[in-house]
>>> print(open('run.txt').read())   # compact mmCIF, C-alpha atoms and all ligand atoms
# COMPACT_ATOMS: atom_id res chain seq x y z
CA MET E 151 -49.96 -86.21 -34.01
CA GLY E 152 -48.15 -87.05 -30.81
CA LYS E 153 -45.51 -84.64 -29.65
CA LYS E 154 -42.07 -85.91 -30.50
CA ALA E 155 -38.87 -84.81 -28.84
CA PRO E 156 -36.50 -83.25 -31.39
CA LYS E 157 -33.32 -84.97 -30.16
CA ALA E 158 -34.89 -88.41 -29.87
CA GLU E 159 -36.47 -88.15 -33.30
CA ALA E 160 -33.18 -87.07 -34.93
CA ILE E 161 -31.31 -89.90 -33.19
CA ARG E 162 -33.95 -92.40 -34.34
CA LEU E 163 -33.49 -91.37 -37.99
CA SER E 164 -29.74 -91.24 -37.61
CA THR E 165 -29.71 -94.81 -36.30
CA LEU E 166 -31.86 -95.88 -39.23
CA LEU E 167 -29.33 -94.34 -41.62
CA ARG E 168 -26.44 -96.02 -39.88
CA MET E 169 -28.13 -99.40 -40.18
CA THR E 170 -28.90 -98.97 -43.86
CA LEU E 171 -25.89 -97.01 -45.12
CA GLY E 172 -23.21 -97.64 -42.48
CA GLU E 173 -20.13 -95.46 -42.74
CA ASP E 174 -21.23 -94.00 -46.05
CA ARG E 175 -24.10 -92.07 -44.56
CA PHE E 176 -22.25 -88.75 -44.32
CA PRO E 177 -22.90 -86.10 -45.33
CA ILE E 178 -26.56 -86.89 -45.01
CA ASP E 179 -28.66 -86.64 -48.17
CA VAL E 180 -31.57 -84.85 -46.54
CA ALA E 181 -33.73 -84.64 -49.67
CA LEU E 182 -33.55 -88.39 -50.22
CA LEU E 183 -34.13 -89.14 -46.54
CA ALA E 184 -37.16 -86.82 -46.44
CA LYS E 185 -38.82 -88.57 -49.39
CA GLU E 186 -37.97 -92.08 -48.16
CA ILE E 187 -39.24 -91.71 -44.63
CA SER E 188 -42.42 -89.89 -45.64
CA LYS E 189 -43.53 -91.92 -48.64
CA THR E 190 -45.89 -94.16 -46.73
CA ASN E 191 -47.50 -91.25 -44.85
CA PRO E 192 -50.89 -89.91 -45.99
CA ASP E 193 -49.11 -86.62 -46.73
CA PRO E 194 -45.61 -87.40 -48.04
CA ILE E 195 -42.88 -84.90 -48.87
CA ASP E 196 -42.85 -85.20 -52.64
CA LYS E 197 -40.55 -82.36 -53.54
CA VAL E 198 -37.42 -80.78 -52.10
CA VAL E 199 -36.41 -77.80 -54.13
CA GLY E 200 -34.10 -74.78 -54.01
CA ALA E 201 -35.53 -71.39 -54.90
CA GLU E 202 -35.19 -67.68 -54.39
CA LEU E 203 -36.86 -66.93 -51.06
CA PRO E 204 -36.13 -63.32 -50.22
CA GLY E 205 -36.20 -62.89 -46.46
CA PHE E 206 -36.52 -66.59 -45.70
CA GLU E 207 -34.13 -69.48 -45.23
CA GLY E 208 -36.66 -72.16 -45.99
CA MET E 209 -40.25 -73.31 -46.00
CA LEU E 210 -42.30 -76.41 -45.40
CA ARG E 211 -45.27 -75.83 -47.67
CA PRO E 212 -48.45 -77.90 -48.03
CA HIS E 213 -49.55 -78.79 -51.55
CA SER E 214 -52.59 -76.74 -52.59
CA LYS E 215 -54.51 -79.59 -54.28
CA ARG E 216 -53.54 -82.87 -52.61
CA PRO E 217 -52.16 -84.07 -49.27
CA ALA E 218 -48.44 -83.58 -49.72
CA TRP E 219 -45.66 -81.24 -48.65
CA HIS E 220 -42.78 -79.47 -50.30
CA ILE E 221 -39.55 -78.44 -48.68
CA VAL E 222 -38.28 -75.24 -50.26
CA TYR E 223 -34.88 -73.84 -49.29
CA TYR E 224 -33.17 -70.63 -50.20
CA ASP E 225 -30.63 -71.91 -52.67
CA ASP E 226 -27.29 -70.20 -52.33
CA PRO E 227 -24.61 -72.31 -54.02
CA ARG E 228 -21.91 -70.60 -51.94
CA TYR E 229 -23.34 -72.15 -48.80
CA GLU E 230 -24.03 -75.77 -49.45
CA GLY E 231 -23.69 -76.46 -45.75
CA ARG E 232 -26.33 -73.93 -44.85
CA ASN E 233 -28.67 -75.31 -47.51
CA ARG E 234 -28.35 -78.77 -45.99
CA PHE E 235 -29.04 -77.44 -42.52
CA THR E 236 -32.14 -75.60 -43.78
CA MET E 237 -33.48 -78.76 -45.43
CA ALA E 238 -32.92 -80.69 -42.22
CA HIS E 239 -34.64 -77.92 -40.24
CA GLU E 240 -37.71 -78.12 -42.51
CA LEU E 241 -37.71 -81.91 -42.21
CA GLY E 242 -37.73 -81.27 -38.46
CA HIS E 243 -40.94 -79.24 -38.79
CA TYR E 244 -42.43 -82.03 -40.87
CA GLN E 245 -41.56 -84.75 -38.35
CA LEU E 246 -42.30 -82.71 -35.23
CA HIS E 247 -44.84 -80.01 -35.94
CA ARG E 248 -46.95 -80.46 -39.03
CA PRO E 249 -50.68 -81.17 -38.95
CA VAL E 250 -51.13 -84.47 -40.80
CA LEU E 251 -53.05 -83.75 -43.99
CA THR E 252 -55.48 -86.18 -45.61
CA GLU E 253 -58.05 -86.10 -48.41
CA LEU E 254 -60.47 -84.61 -45.87
CA ASN E 255 -58.46 -81.39 -45.86
CA TYR E 256 -59.04 -81.11 -49.61
CA LYS E 257 -62.78 -81.82 -49.82
CA SER E 258 -63.45 -78.65 -51.77
CA GLY E 259 -60.63 -79.42 -54.21
CA VAL E 260 -58.13 -77.16 -52.56
CA LEU E 261 -56.52 -77.05 -49.13
CA GLU E 262 -58.63 -74.96 -46.84
CA ASN E 263 -56.23 -74.44 -43.99
CA GLY E 264 -52.98 -76.26 -43.51
CA GLY E 265 -49.87 -75.18 -41.76
CA LEU E 266 -47.31 -73.21 -43.67
CA PHE E 267 -43.90 -73.05 -42.06
CA GLN E 268 -41.79 -70.12 -43.14
CA CYS E 269 -38.39 -69.94 -41.56
CA LYS E 270 -36.04 -67.05 -41.13
CA PRO E 271 -32.35 -67.09 -40.32
CA MET E 272 -31.31 -67.26 -36.70
CA HIS E 273 -32.71 -64.03 -35.33
CA MET E 274 -34.41 -65.60 -32.38
CA ASP E 275 -35.27 -62.32 -30.75
CA GLU E 276 -37.60 -61.50 -33.65
CA TRP E 277 -39.74 -64.57 -33.17
CA LYS E 278 -42.85 -64.76 -31.08
CA GLU E 279 -42.48 -67.00 -28.04
CA ALA E 280 -44.41 -69.96 -29.48
CA ASP E 281 -42.59 -69.73 -32.80
CA LYS E 282 -39.31 -69.50 -30.96
CA GLN E 283 -39.72 -72.86 -29.31
CA ARG E 284 -40.77 -74.46 -32.58
CA GLU E 285 -37.83 -72.96 -34.44
CA GLU E 286 -35.37 -74.04 -31.76
CA GLU E 287 -36.76 -77.56 -31.88
CA ALA E 288 -36.30 -77.71 -35.64
CA ASP E 289 -32.70 -76.47 -35.24
CA THR E 290 -31.99 -79.06 -32.56
CA PHE E 291 -33.43 -81.77 -34.79
CA ALA E 292 -31.25 -80.62 -37.72
CA SER E 293 -28.11 -80.46 -35.62
CA PHE E 294 -28.55 -83.96 -34.17
CA LEU E 295 -29.53 -85.45 -37.51
CA LEU E 296 -26.59 -84.01 -39.45
CA MET E 297 -23.96 -84.29 -36.70
CA PRO E 298 -24.64 -87.24 -34.38
CA ILE E 299 -22.74 -86.58 -31.17
CA ASP E 300 -21.18 -90.05 -30.82
CA ASP E 301 -19.74 -89.84 -34.29
CA TYR E 302 -18.59 -86.25 -33.84
CA ARG E 303 -16.93 -87.13 -30.55
CA ALA E 304 -15.06 -89.97 -32.21
CA GLN E 305 -13.76 -87.56 -34.89
CA VAL E 306 -12.35 -85.02 -32.46
CA SER E 307 -11.57 -87.08 -29.39
CA GLY E 308 -8.27 -86.20 -27.74
CA HIS E 309 -7.50 -83.34 -30.12
CA ASP E 310 -7.50 -79.60 -29.68
CA MET E 311 -9.70 -77.82 -32.18
CA SER E 312 -7.65 -76.72 -35.19
CA VAL E 313 -8.30 -75.43 -38.70
CA GLU E 314 -7.60 -78.91 -40.02
CA LEU E 315 -9.97 -80.62 -37.63
CA LEU E 316 -12.72 -78.08 -38.28
CA SER E 317 -12.32 -78.61 -42.03
CA HIS E 318 -12.52 -82.33 -41.46
CA VAL E 319 -15.83 -82.14 -39.59
CA THR E 320 -17.42 -79.55 -41.92
CA ASP E 321 -16.51 -81.81 -44.86
CA ARG E 322 -17.70 -84.96 -43.15
CA TYR E 323 -21.08 -83.57 -42.17
CA GLY E 324 -21.50 -81.05 -45.00
CA VAL E 325 -22.37 -78.23 -42.61
CA SER E 326 -21.22 -74.65 -42.13
CA LEU E 327 -18.32 -73.86 -39.88
CA THR E 328 -20.65 -72.00 -37.52
CA ALA E 329 -22.92 -75.03 -37.12
CA ALA E 330 -19.96 -77.37 -36.61
CA ALA E 331 -18.28 -75.14 -34.04
CA ARG E 332 -21.51 -74.56 -32.16
CA LYS E 333 -22.15 -78.27 -31.94
CA TRP E 334 -18.63 -78.93 -30.68
CA ILE E 335 -19.01 -76.29 -27.96
CA ASP E 336 -22.19 -78.06 -26.84
CA PHE E 337 -20.59 -81.42 -26.15
CA THR E 338 -16.88 -80.88 -25.60
CA GLU E 339 -15.58 -81.55 -22.14
CA SER E 340 -12.74 -79.09 -22.60
CA ARG E 341 -12.98 -75.47 -21.54
CA ALA E 342 -13.85 -73.66 -24.74
CA ALA E 343 -16.04 -70.87 -26.07
CA MET E 344 -17.04 -69.36 -29.37
CA VAL E 345 -17.73 -65.73 -30.15
CA VAL E 346 -19.46 -64.57 -33.32
CA SER E 347 -18.79 -60.89 -33.87
CA ARG E 348 -19.28 -58.02 -36.26
CA ASP E 349 -17.40 -54.71 -36.29
CA GLY E 350 -15.60 -55.55 -33.08
CA PHE E 351 -18.63 -56.55 -31.00
CA ALA E 352 -20.05 -59.95 -30.13
CA LEU E 353 -23.35 -60.78 -31.82
CA TRP E 354 -23.67 -63.94 -29.80
CA GLY E 355 -21.53 -66.60 -28.28
CA ARG E 356 -21.53 -69.58 -26.01
CA ALA E 357 -19.23 -71.34 -23.63
CA SER E 358 -18.83 -75.07 -23.12
CA LYS E 359 -20.20 -76.47 -19.93
CA SER E 360 -16.85 -76.68 -18.16
CA ALA E 361 -15.88 -73.19 -19.34
CA TYR E 362 -19.17 -71.80 -18.11
CA LYS E 363 -18.58 -73.44 -14.75
CA SER E 364 -15.30 -71.57 -14.48
CA GLY E 365 -16.81 -68.17 -15.16
CA ILE E 366 -16.61 -67.90 -18.95
CA PHE E 367 -19.74 -66.31 -20.30
CA VAL E 368 -20.07 -64.52 -23.64
CA ARG E 369 -22.41 -61.56 -23.61
CA SER E 370 -23.85 -60.23 -26.81
CA GLY E 371 -22.70 -56.68 -27.34
CA MET E 372 -19.44 -57.47 -25.55
CA ALA E 373 -16.49 -55.63 -27.15
CA LEU E 374 -13.75 -57.82 -28.56
CA PRO E 375 -10.27 -57.17 -27.18
CA GLU E 376 -8.77 -54.25 -29.16
CA LEU E 377 -5.86 -56.36 -30.30
CA VAL E 378 -8.17 -59.02 -31.71
CA ALA E 379 -10.52 -56.50 -33.34
CA SER E 380 -7.64 -54.75 -35.09
CA GLU E 381 -6.19 -58.04 -36.33
CA ILE E 382 -9.56 -58.99 -37.77
CA GLU E 383 -9.87 -55.54 -39.33
CA GLY E 384 -6.50 -55.94 -41.02
CA SER E 385 -7.15 -59.44 -42.33
CA SER E 386 -8.86 -60.74 -45.42
CA ASN E 387 -11.28 -63.61 -45.81
CA GLY E 388 -10.39 -66.84 -44.03
CA PHE E 389 -8.58 -67.94 -40.89
CA LEU E 390 -6.22 -65.41 -39.32
CA SER E 391 -3.76 -68.22 -38.63
CA GLU E 392 -3.41 -71.89 -39.52
CA GLN E 393 -2.59 -72.80 -35.93
CA PRO E 394 -4.40 -71.50 -32.86
CA MET E 395 -2.75 -68.25 -31.67
CA GLU E 396 -1.42 -68.02 -28.13
CA ARG E 397 -3.03 -65.10 -26.34
CA GLN E 398 -1.42 -63.84 -23.19
CA LYS E 399 -3.29 -63.25 -19.98
CA GLY E 400 -4.90 -59.81 -20.23
CA VAL E 401 -6.09 -60.05 -23.84
CA TRP E 402 -9.45 -61.74 -23.30
CA SER E 403 -11.33 -61.01 -20.07
CA PHE E 404 -14.37 -62.72 -18.67
CA SER E 405 -16.30 -62.41 -15.46
CA ARG E 406 -13.65 -63.98 -13.25
CA GLY E 407 -10.75 -62.16 -14.87
CA SER E 408 -8.33 -62.99 -17.61
CA GLU E 409 -6.23 -66.01 -18.39
CA PRO E 410 -4.05 -67.07 -21.30
CA LEU E 411 -5.79 -69.00 -24.05
CA GLN E 412 -5.54 -70.26 -27.60
CA GLU E 413 -7.61 -68.50 -30.22
CA LEU E 414 -8.63 -69.53 -33.69
CA THR E 415 -10.40 -66.76 -35.60
CA LEU E 416 -12.06 -66.88 -38.98
CA ARG E 417 -13.18 -63.83 -40.88
CA SER E 418 -16.06 -64.42 -43.26
CA GLU E 419 -16.48 -61.50 -45.63
CA PHE E 420 -19.57 -63.04 -47.23
CA LEU E 421 -21.39 -63.33 -43.93
CA ASP E 422 -19.80 -60.15 -42.61
CA VAL E 423 -18.94 -61.82 -39.31
CA SER E 424 -15.92 -63.21 -37.52
CA ILE E 425 -15.95 -66.41 -35.56
CA SER E 426 -13.46 -66.88 -32.73
CA ILE E 427 -12.95 -70.22 -31.06
CA LEU E 428 -11.27 -69.89 -27.68
CA GLN E 429 -9.60 -72.80 -25.90
CA PHE E 430 -8.58 -72.37 -22.30
CA GLN E 431 -6.11 -74.42 -20.32
CA ARG E 432 -7.47 -77.64 -18.94
CA THR E 433 -6.68 -76.94 -15.36
CA HIS E 434 -7.50 -73.75 -13.63
CA ASP E 435 -7.36 -72.53 -10.08
CA PHE E 436 -10.77 -71.05 -9.48
CA ALA E 437 -11.54 -72.39 -6.06
CA THR E 438 -15.14 -71.30 -5.92
CA ASP E 439 -16.53 -73.52 -8.65
CA THR E 440 -20.06 -74.56 -8.12
CA GLU E 441 -22.15 -76.78 -10.30
CA PRO E 442 -24.26 -74.45 -12.45
CA ASP E 443 -27.84 -75.46 -12.64
CA ASP E 444 -28.54 -73.04 -15.45
CA TRP E 445 -26.03 -74.13 -18.06
CA ASP E 446 -28.07 -74.52 -21.09
CA ALA E 447 -27.37 -73.49 -24.64
CA VAL E 448 -30.76 -71.90 -25.02
CA ASP E 449 -30.52 -70.03 -21.74
CA GLN E 450 -27.25 -68.50 -22.73
CA LEU E 451 -28.78 -67.18 -25.91
CA LYS E 452 -31.93 -65.97 -24.27
CA LYS E 453 -30.15 -64.04 -21.57
CA ASN E 454 -28.05 -62.42 -24.22
CA SER E 455 -30.82 -61.37 -26.56
CA ARG E 456 -30.82 -57.69 -27.11
ZN ZN C 501 -38.43 -73.19 -39.04
>>> encode(input="run.txt", output="C-alpha cells", more="lines below")
Ligand SMILES: [Zn+2]
Amino acid sequence: MGKKAPKAEAIRLSTLLRMTLGEDRFPIDVALLAKEISKTNPDPIDKVVGAELPGFEGMLRPHSKRPAWHIVYYDDPRYEGRNRFTMAHELGHYQLHRPVLTELNYKSGVLENGGLFQCKPMHMDEWKEADKQREEEADTFASFLLMPIDDYRAQVSGHDMSVELLSHVTDRYGVSLTAAARKWIDFTESRAAMVVSRDGFALWGRASKSAYKSGIFVRSGMALPELVASEIEGSSNGFLSEQPMERQKGVWSFSRGSEPLQELTLRSEFLDVSISILQFQRTHDFATDTEPDDWDAVDQLKKNSR
C-alpha cells in the first residue's frame, strides 16, 4: 500500500468524524471507527478486544484463517484513557503500516506470513531503529486522531494551564493526563515545559517551542530541584495543589539560568511517576534568541535517550 503520512491520515479521519457526528464525536469511539472504516477493505478489522497482554500495550494481529485483523489492547480498567490511546495506536498501524491481506495469503488454509504488530509502552530506546519510526508514527496518528489540534486549541485558548482545564481536556478526549499535557506542550505558543520524573530525577520531558527558543531544555536524568522533590515525596496521590504554585527564581534552573515560574505537579502512585507542568512568564529578556532549527519533539526525546 502507498505510504501514508500519520498526521494527514489522522486529520482525514477526524474530519470524517466531524462531518458525521459533529460536536458529539468526543471522546472518539476508536473500536467503532476501526470497524466502520475498514469494513469494505479486503482485510477488515473485525474485532477490537481487551485482554491480558503481559509486557505489551497492544497488538494488531492478523486472523489465522481468513483475511482480517484484530486489535488487542492490554485492558486495565484503571486507565481507560491509556486503553483508548493504545487502540488508536493499533489503528494507526492498520492504516499506515499493515500489509494488505487477501485470500491469496491464505491459499493453504492458514496465513503463511502476515505482519504481527506487538507494541510496548513508550520505551523508545529499546526499539530497533526501524521499529522506532513505525512506533512513533502510530503514536502521532493516535494523538492527532484523539486530540485534533484545532479543537484542543479552542478549548484552552487564552487560559493558563490549570488542574481544571487539564481535567476538562482529559474528559473531553478520554485520554491520560500525560498524553493531554504532552499534546498541549507541542502546540502551545506560551513558554511551557513538562517533566516526567521518578524518585527525584527526570525520566523525560519536553519544552514548548517558544520555551525551547529561550533556553529551556529538559534532560533525562536531570535532578529535580530539592524543594520540589521533597514536596513530591511528602505528598500522596494527586495534584500537589489545585492552583499552579509560584516558584521563585532559583528553584528551577535551565541552561540559561533560573527564572520564576508557575508549577503544577501531579503525583501518580499507580504509575510511580510525577508529572510537572511548568509555565514561564510570557516575556523574557534573553537578548540572544535565535530561531532554533532543531526544535522537534522527536529530537528532544532522542537526544535525551539514555
Ligand atoms: Zn505499535
>>> residues_near_ligand(input="run.txt", ligand="ligand ZN 501 (chain C)", cutoff="9 Å", atoms="only C-alpha atoms and all ligand atoms", output="list in words")
Glu207, Gly208, Met209, Leu210, Thr236, His239, Glu240, Gly242, His243, Phe267, Gln268, Cys269, Lys270, Pro271, Asp281, Lys282, Arg284, Glu285, Glu286, Glu287, Ala288 and Asp289 of chain E
>>> residues_around(input="run.txt", residues="stretch 152-169 of chain E", least_positions_apart="2", cutoff="6 Å", atoms="all atoms listed in the file", output="list in words")
Leu171, Gly172, Leu246, Glu287, Phe291, Phe294 and Leu295 of chain E
>>> atom_distance(input="run.txt", atom1="atom CA of E:Gln398", atom2="atom CA of E:Lys359")
22.9 Å
>>> atom_distance(input="run.txt", atom1="atom CA of E:Gly231", atom2="atom CA of E:Glu413")
23.7 Å
>>> residues_around(input="run.txt", residues="E:Ala379", least_positions_apart="5", cutoff="12 Å", atoms="all atoms listed in the file", output="number ranges by chain")
E: 347-352, 372-374, 384-385, 390, 401-402, 415-417, 423-426
>>> atom_distance(input="run.txt", atom1="atom CA of E:Ser364", atom2="atom CA of E:Arg406")
7.9 Å
>>> closest_atom_pairs(input="run.txt", of="stretch 258-373 of chain E", to="stretch 391-397 of chain E", cutoff="12 Å", atoms="all atoms listed in the file", output="CSV")
residue,atom,partner,partner_atom,distance
E:Asp310,CA,E:Pro394,CA,9.2
E:Met311,CA,E:Pro394,CA,8.3
E:Ser312,CA,E:Gln393,CA,6.4
E:Val313,CA,E:Glu392,CA,6.1
E:Glu314,CA,E:Glu392,CA,8.2
E:Leu315,CA,E:Gln393,CA,10.9
E:Leu316,CA,E:Glu392,CA,11.2
E:Ser317,CA,E:Glu392,CA,11.4
>>> closest_residue(input="run.txt", among="E:Leu377, E:Val325, E:Phe430, E:Ser408", to="E:Tyr229", atoms="only C-alpha atoms")
E:Val325
>>> residues_around(input="run.txt", residues="E:Pro194", least_positions_apart="2", cutoff="8 Å", atoms="all atoms listed in the file", output="list in words")
Lys185, Ser188, Lys189, Thr190, Asn191, Pro192, Asp196, Pro217, Ala218 and Trp219 of chain E
>>> residues_around(input="run.txt", residues="E:Pro177", least_positions_apart="5", cutoff="6 Å", atoms="all atoms listed in the file", output="PyMOL selection string")
chain E and resi 322-324
>>> closest_residue(input="run.txt", among="E:Asp193, E:Glu383, E:Glu409, E:Asp179", to="E:Gln431", atoms="only C-alpha atoms")
E:Glu409
>>> residues_around(input="run.txt", residues="stretch 259-265 of chain E", least_positions_apart="2", cutoff="8 Å", atoms="only C-alpha atoms", output="VMD selection string")
chain E and resid 211 to 216 248 to 249 251 255 to 257 267
>>> closest_residue(input="run.txt", among="E:Tyr224, E:Leu414, E:Phe206, E:Phe176", to="E:Asp301", atoms="only C-alpha atoms")
E:Phe176
>>> decode(input="run.txt", residues="stretch 316-419 of chain E", atoms="C-alpha atoms", output="short mmCIF file (atom, residue, chain, number, x, y, z; two decimals), in the first residue's frame")
data_model
loop_
_atom_site.label_atom_id
_atom_site.label_comp_id
_atom_site.auth_asym_id
_atom_site.auth_seq_id
_atom_site.Cartn_x
_atom_site.Cartn_y
_atom_site.Cartn_z
CA LEU E 316 -6.47 19.65 32.29
CA SER E 317 -9.43 17.72 33.70
CA HIS E 318 -11.63 19.28 31.06
CA VAL E 319 -9.41 18.17 28.17
CA THR E 320 -8.73 14.67 29.57
CA ASP E 321 -12.51 14.21 29.96
CA ARG E 322 -13.30 15.64 26.54
CA TYR E 323 -10.82 13.46 24.68
CA GLY E 324 -10.81 10.46 27.03
CA VAL E 325 -7.02 10.38 27.23
CA SER E 326 -4.47 10.18 30.03
CA LEU E 327 -3.15 13.30 31.64
CA THR E 328 0.31 12.56 30.25
CA ALA E 329 -0.99 12.36 26.68
CA ALA E 330 -3.05 15.54 27.09
CA ALA E 331 -0.19 17.53 28.62
CA ARG E 332 2.28 16.32 26.01
CA LYS E 333 -0.02 17.37 23.22
CA TRP E 334 -0.54 20.79 24.75
CA ILE E 335 3.22 21.33 25.05
CA ASP E 336 3.52 20.52 21.34
CA PHE E 337 1.22 23.26 20.12
CA THR E 338 1.03 25.93 22.80
CA GLU E 339 2.53 29.27 21.94
CA SER E 340 3.24 30.02 25.58
CA ARG E 341 6.55 29.23 27.22
CA ALA E 342 5.92 25.94 28.97
CA ALA E 343 7.56 22.60 29.68
CA MET E 344 6.68 19.27 31.20
CA VAL E 345 8.89 17.00 33.24
CA VAL E 346 8.03 13.37 33.99
CA SER E 347 10.09 12.15 36.92
CA ARG E 348 10.64 9.26 39.26
CA ASP E 349 12.48 9.33 42.60
CA GLY E 350 13.57 12.91 42.08
CA PHE E 351 15.01 12.54 38.57
CA ALA E 352 13.55 13.35 35.17
CA LEU E 353 12.68 10.33 33.05
CA TRP E 354 11.87 12.54 30.10
CA GLY E 355 10.47 15.92 29.37
CA ARG E 356 9.88 18.45 26.66
CA ALA E 357 9.64 22.16 26.24
CA SER E 358 7.26 24.11 24.05
CA LYS E 359 8.73 25.72 21.00
CA SER E 360 8.92 29.19 22.50
CA ALA E 361 10.34 27.85 25.76
CA TYR E 362 12.97 25.90 23.87
CA LYS E 363 13.90 29.04 21.97
CA SER E 364 14.56 30.77 25.27
CA GLY E 365 16.89 28.08 26.57
CA ILE E 366 14.51 25.70 28.34
CA PHE E 367 15.53 22.14 27.68
CA VAL E 368 14.65 19.14 29.84
CA ARG E 369 17.34 16.49 30.03
CA SER E 370 16.51 12.99 31.09
CA GLY E 371 18.37 12.15 34.26
CA MET E 372 18.19 15.80 35.34
CA ALA E 373 17.68 16.12 39.11
CA LEU E 374 14.51 17.87 40.21
CA PRO E 375 15.01 20.88 42.47
CA GLU E 376 15.37 19.58 46.05
CA LEU E 377 12.40 21.60 47.22
CA VAL E 378 10.17 20.08 44.54
CA ALA E 379 11.46 16.54 45.10
CA SER E 380 10.80 16.75 48.83
CA GLU E 381 7.29 18.12 48.30
CA ILE E 382 6.52 15.25 45.96
CA GLU E 383 7.99 12.80 48.45
CA GLY E 384 5.74 14.16 51.19
CA SER E 385 2.57 14.13 49.11
CA SER E 386 0.03 11.47 48.33
CA ASN E 387 -1.64 10.61 45.07
CA GLY E 388 -2.96 13.52 43.01
CA PHE E 389 -2.10 17.15 42.36
CA LEU E 390 0.13 18.84 44.93
CA SER E 391 -2.01 21.97 44.64
CA GLU E 392 -5.27 22.96 42.97
CA GLN E 393 -3.73 26.14 41.59
CA PRO E 394 -0.33 26.40 39.95
CA MET E 395 2.34 27.11 42.61
CA GLU E 396 4.52 30.19 42.30
CA ARG E 397 8.16 29.19 42.28
CA GLN E 398 10.74 31.85 42.94
CA LYS E 399 13.76 32.41 40.76
CA GLY E 400 16.41 29.92 41.86
CA VAL E 401 14.15 26.90 42.29
CA TRP E 402 14.17 25.56 38.73
CA SER E 403 17.29 26.09 36.63
CA PHE E 404 17.78 25.53 32.94
CA SER E 405 20.62 26.16 30.57
CA ARG E 406 20.32 29.94 30.57
CA GLY E 407 19.79 30.22 34.31
CA SER E 408 16.78 30.41 36.53
CA GLU E 409 13.61 32.43 36.43
CA PRO E 410 10.38 32.43 38.42
CA LEU E 411 7.64 30.19 37.11
CA GLN E 412 4.33 28.54 37.88
CA GLU E 413 4.34 24.83 38.55
CA LEU E 414 1.57 22.28 38.56
CA THR E 415 2.70 18.86 39.77
CA LEU E 416 0.78 15.62 39.88
CA ARG E 417 1.96 12.55 41.71
CA SER E 418 0.68 9.28 40.29
CA GLU E 419 1.27 6.43 42.70
#
